[in-house]
Amino acid sequence: MSTDLPEPYVSGQLDNVSRSVTSERGESTVTSTLEISQVFPTDAADLWNAVTTAERLARWFAPVHGDLRLGGSYQVEGNAGGVIQTCEPPSRFTATWVMGEPASLIDVRVEPVDEHTARLRLIHSGEGDAGFWDTYGPGALGVGWDLGLL
């Protein structure tokens, strides 16, 4: 992955992102939740636009196609797709995240910190095969989210 960001930003990325993972094991499944967040040097309105506009999503995450509105279907190029379940501009949306079975859920929140900074918080939760979890652990949910924030 190439980036035009200055090296201090890239090398400091691990410290700039907050992450947590919880999991609960069932007989053959694991229910897990990943939460990842980062504060950005922009206001909440601009950050909301960056996470809900196809043109801007393509710049920092991946190309996203579809109907980006409540009830609309979307597809992340080369990745998951789903349906937008809730949309509460300018602070929150939820969507299914379908990449194989079963589907999981993403909950994306934009939280103002002050008038010049805002936090992006993403919560990805779902149930998956215990064997997959045993192989990949927390990476089963979220290595891609770290790459997107970078």
# chains A, B, ... in the order shown; residues from 1 in each chain; ligands from 1

$ residues_around --residues "Thr117 in chain A" --least-positions-apart "4" --cutoff "12 Å" --atoms "only C-alpha atoms" --output "list in words"
Gln38, Val39, Phe40, Pro41, Thr42, Asp43, Ala44, Ala45, Asp46, Leu47, Trp48, Val110, Glu111, Pro112 and Val113 of chain A

$ write_last_selection --atoms "N, CA, C and O atoms" --output "compact mmCIF listing (two decimals), in the first residue's frame"
# COMPACT_ATOMS: atom_id res chain seq x y z
N GLN A 38 -10.26 6.90 16.02
CA GLN A 38 -9.15 7.83 15.84
C GLN A 38 -9.71 9.24 15.78
O GLN A 38 -10.78 9.47 15.22
N VAL A 39 -8.97 10.19 16.35
CA VAL A 39 -9.33 11.60 16.28
C VAL A 39 -8.60 12.19 15.07
O VAL A 39 -7.41 11.94 14.86
N PHE A 40 -9.35 12.97 14.29
CA PHE A 40 -8.80 13.59 13.08
C PHE A 40 -8.84 15.11 13.20
O PHE A 40 -9.75 15.66 13.83
N PRO A 41 -7.89 15.80 12.57
CA PRO A 41 -7.84 17.26 12.63
C PRO A 41 -8.81 17.91 11.64
O PRO A 41 -8.41 18.61 10.71
N THR A 42 -10.09 17.66 11.86
CA THR A 42 -11.14 18.25 11.02
C THR A 42 -12.41 18.30 11.85
O THR A 42 -12.51 17.62 12.88
N ASP A 43 -13.37 19.09 11.41
CA ASP A 43 -14.61 19.17 12.19
C ASP A 43 -15.52 17.99 11.88
O ASP A 43 -15.30 17.23 10.91
N ALA A 44 -16.53 17.80 12.71
CA ALA A 44 -17.42 16.64 12.59
C ALA A 44 -18.16 16.61 11.25
O ALA A 44 -18.34 15.54 10.67
N ALA A 45 -18.57 17.78 10.75
CA ALA A 45 -19.30 17.81 9.47
C ALA A 45 -18.42 17.30 8.33
O ALA A 45 -18.87 16.53 7.47
N ASP A 46 -17.16 17.71 8.31
CA ASP A 46 -16.25 17.26 7.26
C ASP A 46 -15.95 15.76 7.40
O ASP A 46 -15.91 15.04 6.40
N LEU A 47 -15.77 15.29 8.63
CA LEU A 47 -15.51 13.86 8.84
C LEU A 47 -16.73 13.03 8.43
O LEU A 47 -16.58 11.98 7.80
N TRP A 48 -17.93 13.49 8.74
CA TRP A 48 -19.15 12.79 8.32
C TRP A 48 -19.17 12.67 6.79
O TRP A 48 -19.44 11.62 6.24
N VAL A 110 -19.51 9.43 14.23
CA VAL A 110 -18.68 10.63 14.16
C VAL A 110 -19.01 11.46 15.39
O VAL A 110 -20.17 11.82 15.60
N GLU A 111 -17.98 11.75 16.19
CA GLU A 111 -18.18 12.44 17.46
C GLU A 111 -17.30 13.69 17.50
O GLU A 111 -16.07 13.58 17.41
N PRO A 112 -17.91 14.87 17.62
CA PRO A 112 -17.08 16.07 17.75
C PRO A 112 -16.27 16.03 19.04
O PRO A 112 -16.78 15.63 20.08
N VAL A 113 -15.01 16.40 18.95
CA VAL A 113 -14.17 16.53 20.13
C VAL A 113 -14.15 18.00 20.55
O VAL A 113 -14.36 18.34 21.70

$ residues_around --residues "Gly82 in chain A" --least-positions-apart "5" --cutoff "6 Å" --atoms "only C-alpha atoms" --output "MDAnalysis selection string"
chainID A and resid 73:74 96:98

$ closest_residue --among "A:Phe132, A:Ile123, A:Ser104, A:Gly72" --to "Thr22 in chain A" --atoms "only C-alpha atoms"
A:Ile123

$ select_by_dssp --residues "range 30-65 of chain A" --states "strand (DSSP E or B)" --output "NGL selection string"
:A and (30-40 or 64-65)

$ residues_around --residues "range 91-94 of chain A" --least-positions-apart "6" --cutoff "6 Å" --atoms "only C-alpha atoms" --output "list in words"
Gln85, Ile106, Asp107, Val108, Arg109 and Val110 of chain A

$ decode --residues "range 6-77 of chain A" --atoms "C-alpha atoms" --output "PDB file, in the first residue's frame"
ATOM      1  CA  PRO A   6       4.602  12.046   5.735  1.00  0.00           C
ATOM      2  CA  GLU A   7       6.639   9.334   7.467  1.00  0.00           C
ATOM      3  CA  PRO A   8       6.047  10.639  11.035  1.00  0.00           C
ATOM      4  CA  TYR A   9       2.294  10.265  10.461  1.00  0.00           C
ATOM      5  CA  VAL A  10       2.638   6.701   9.208  1.00  0.00           C
ATOM      6  CA  SER A  11       5.054   5.586  11.932  1.00  0.00           C
ATOM      7  CA  GLY A  12       2.870   7.211  14.623  1.00  0.00           C
ATOM      8  CA  GLN A  13      -0.338   5.603  13.364  1.00  0.00           C
ATOM      9  CA  LEU A  14      -0.259   2.720  15.838  1.00  0.00           C
ATOM     10  CA  ASP A  15      -0.294   5.202  18.719  1.00  0.00           C
ATOM     11  CA  ASN A  16      -3.013   7.376  17.150  1.00  0.00           C
ATOM     12  CA  VAL A  17      -5.645   4.631  16.950  1.00  0.00           C
ATOM     13  CA  SER A  18      -7.557   3.161  19.879  1.00  0.00           C
ATOM     14  CA  ARG A  19      -8.599  -0.487  19.526  1.00  0.00           C
ATOM     15  CA  SER A  20     -10.445  -3.019  21.606  1.00  0.00           C
ATOM     16  CA  VAL A  21     -11.763  -6.500  20.931  1.00  0.00           C
ATOM     17  CA  THR A  22     -14.152  -8.585  23.002  1.00  0.00           C
ATOM     18  CA  SER A  23     -15.239 -12.127  22.278  1.00  0.00           C
ATOM     19  CA  GLU A  24     -17.522 -14.772  23.692  1.00  0.00           C
ATOM     20  CA  ARG A  25     -17.118 -18.384  22.699  1.00  0.00           C
ATOM     21  CA  GLY A  26     -20.079 -20.615  22.007  1.00  0.00           C
ATOM     22  CA  GLU A  27     -20.064 -24.291  21.146  1.00  0.00           C
ATOM     23  CA  SER A  28     -18.940 -23.800  17.547  1.00  0.00           C
ATOM     24  CA  THR A  29     -19.044 -20.021  17.140  1.00  0.00           C
ATOM     25  CA  VAL A  30     -17.416 -16.917  18.551  1.00  0.00           C
ATOM     26  CA  THR A  31     -19.373 -13.678  18.950  1.00  0.00           C
ATOM     27  CA  SER A  32     -16.944 -10.788  18.771  1.00  0.00           C
ATOM     28  CA  THR A  33     -16.888  -7.014  18.739  1.00  0.00           C
ATOM     29  CA  LEU A  34     -14.043  -4.853  17.481  1.00  0.00           C
ATOM     30  CA  GLU A  35     -14.005  -1.144  18.264  1.00  0.00           C
ATOM     31  CA  ILE A  36     -11.507   1.136  16.577  1.00  0.00           C
ATOM     32  CA  SER A  37     -11.347   4.921  16.759  1.00  0.00           C
ATOM     33  CA  GLN A  38      -9.154   7.828  15.842  1.00  0.00           C
ATOM     34  CA  VAL A  39      -9.325  11.601  16.275  1.00  0.00           C
ATOM     35  CA  PHE A  40      -8.803  13.594  13.081  1.00  0.00           C
ATOM     36  CA  PRO A  41      -7.836  17.263  12.633  1.00  0.00           C
ATOM     37  CA  THR A  42     -11.140  18.248  11.022  1.00  0.00           C
ATOM     38  CA  ASP A  43     -14.606  19.167  12.192  1.00  0.00           C
ATOM     39  CA  ALA A  44     -17.417  16.638  12.591  1.00  0.00           C
ATOM     40  CA  ALA A  45     -19.301  17.811   9.471  1.00  0.00           C
ATOM     41  CA  ASP A  46     -16.252  17.256   7.260  1.00  0.00           C
ATOM     42  CA  LEU A  47     -15.512  13.865   8.842  1.00  0.00           C
ATOM     43  CA  TRP A  48     -19.153  12.792   8.317  1.00  0.00           C
ATOM     44  CA  ASN A  49     -18.818  13.741   4.654  1.00  0.00           C
ATOM     45  CA  ALA A  50     -15.594  11.715   4.399  1.00  0.00           C
ATOM     46  CA  VAL A  51     -17.286   8.539   5.668  1.00  0.00           C
ATOM     47  CA  THR A  52     -20.573   8.867   3.773  1.00  0.00           C
ATOM     48  CA  THR A  53     -19.608  10.164   0.312  1.00  0.00           C
ATOM     49  CA  ALA A  54     -18.482   7.653  -2.324  1.00  0.00           C
ATOM     50  CA  GLU A  55     -15.873   9.968  -3.842  1.00  0.00           C
ATOM     51  CA  ARG A  56     -14.230  10.625  -0.489  1.00  0.00           C
ATOM     52  CA  LEU A  57     -14.467   6.995   0.686  1.00  0.00           C
ATOM     53  CA  ALA A  58     -12.473   5.983  -2.391  1.00  0.00           C
ATOM     54  CA  ARG A  59      -9.662   8.353  -1.358  1.00  0.00           C
ATOM     55  CA  TRP A  60      -9.031   6.890   2.091  1.00  0.00           C
ATOM     56  CA  PHE A  61     -10.752   3.496   2.295  1.00  0.00           C
ATOM     57  CA  ALA A  62     -11.800   1.878  -0.991  1.00  0.00           C
ATOM     58  CA  PRO A  63     -14.170   2.521  -3.884  1.00  0.00           C
ATOM     59  CA  VAL A  64     -17.752   2.039  -2.690  1.00  0.00           C
ATOM     60  CA  HIS A  65     -20.616   1.585  -5.152  1.00  0.00           C
ATOM     61  CA  GLY A  66     -24.351   1.504  -4.678  1.00  0.00           C
ATOM     62  CA  ASP A  67     -27.129   3.469  -3.065  1.00  0.00           C
ATOM     63  CA  LEU A  68     -25.562   5.221  -0.063  1.00  0.00           C
ATOM     64  CA  ARG A  69     -28.775   6.099   1.759  1.00  0.00           C
ATOM     65  CA  LEU A  70     -31.051   4.518   4.360  1.00  0.00           C
ATOM     66  CA  GLY A  71     -32.175   1.120   3.072  1.00  0.00           C
ATOM     67  CA  GLY A  72     -29.734   1.243   0.161  1.00  0.00           C
ATOM     68  CA  SER A  73     -27.336  -1.532  -0.796  1.00  0.00           C
ATOM     69  CA  TYR A  74     -23.625  -0.893  -1.167  1.00  0.00           C
ATOM     70  CA  GLN A  75     -20.559  -2.826  -2.288  1.00  0.00           C
ATOM     71  CA  VAL A  76     -16.974  -2.086  -1.276  1.00  0.00           C
ATOM     72  CA  GLU A  77     -14.847  -2.888  -4.308  1.00  0.00           C
TER      73      GLU A  77
END
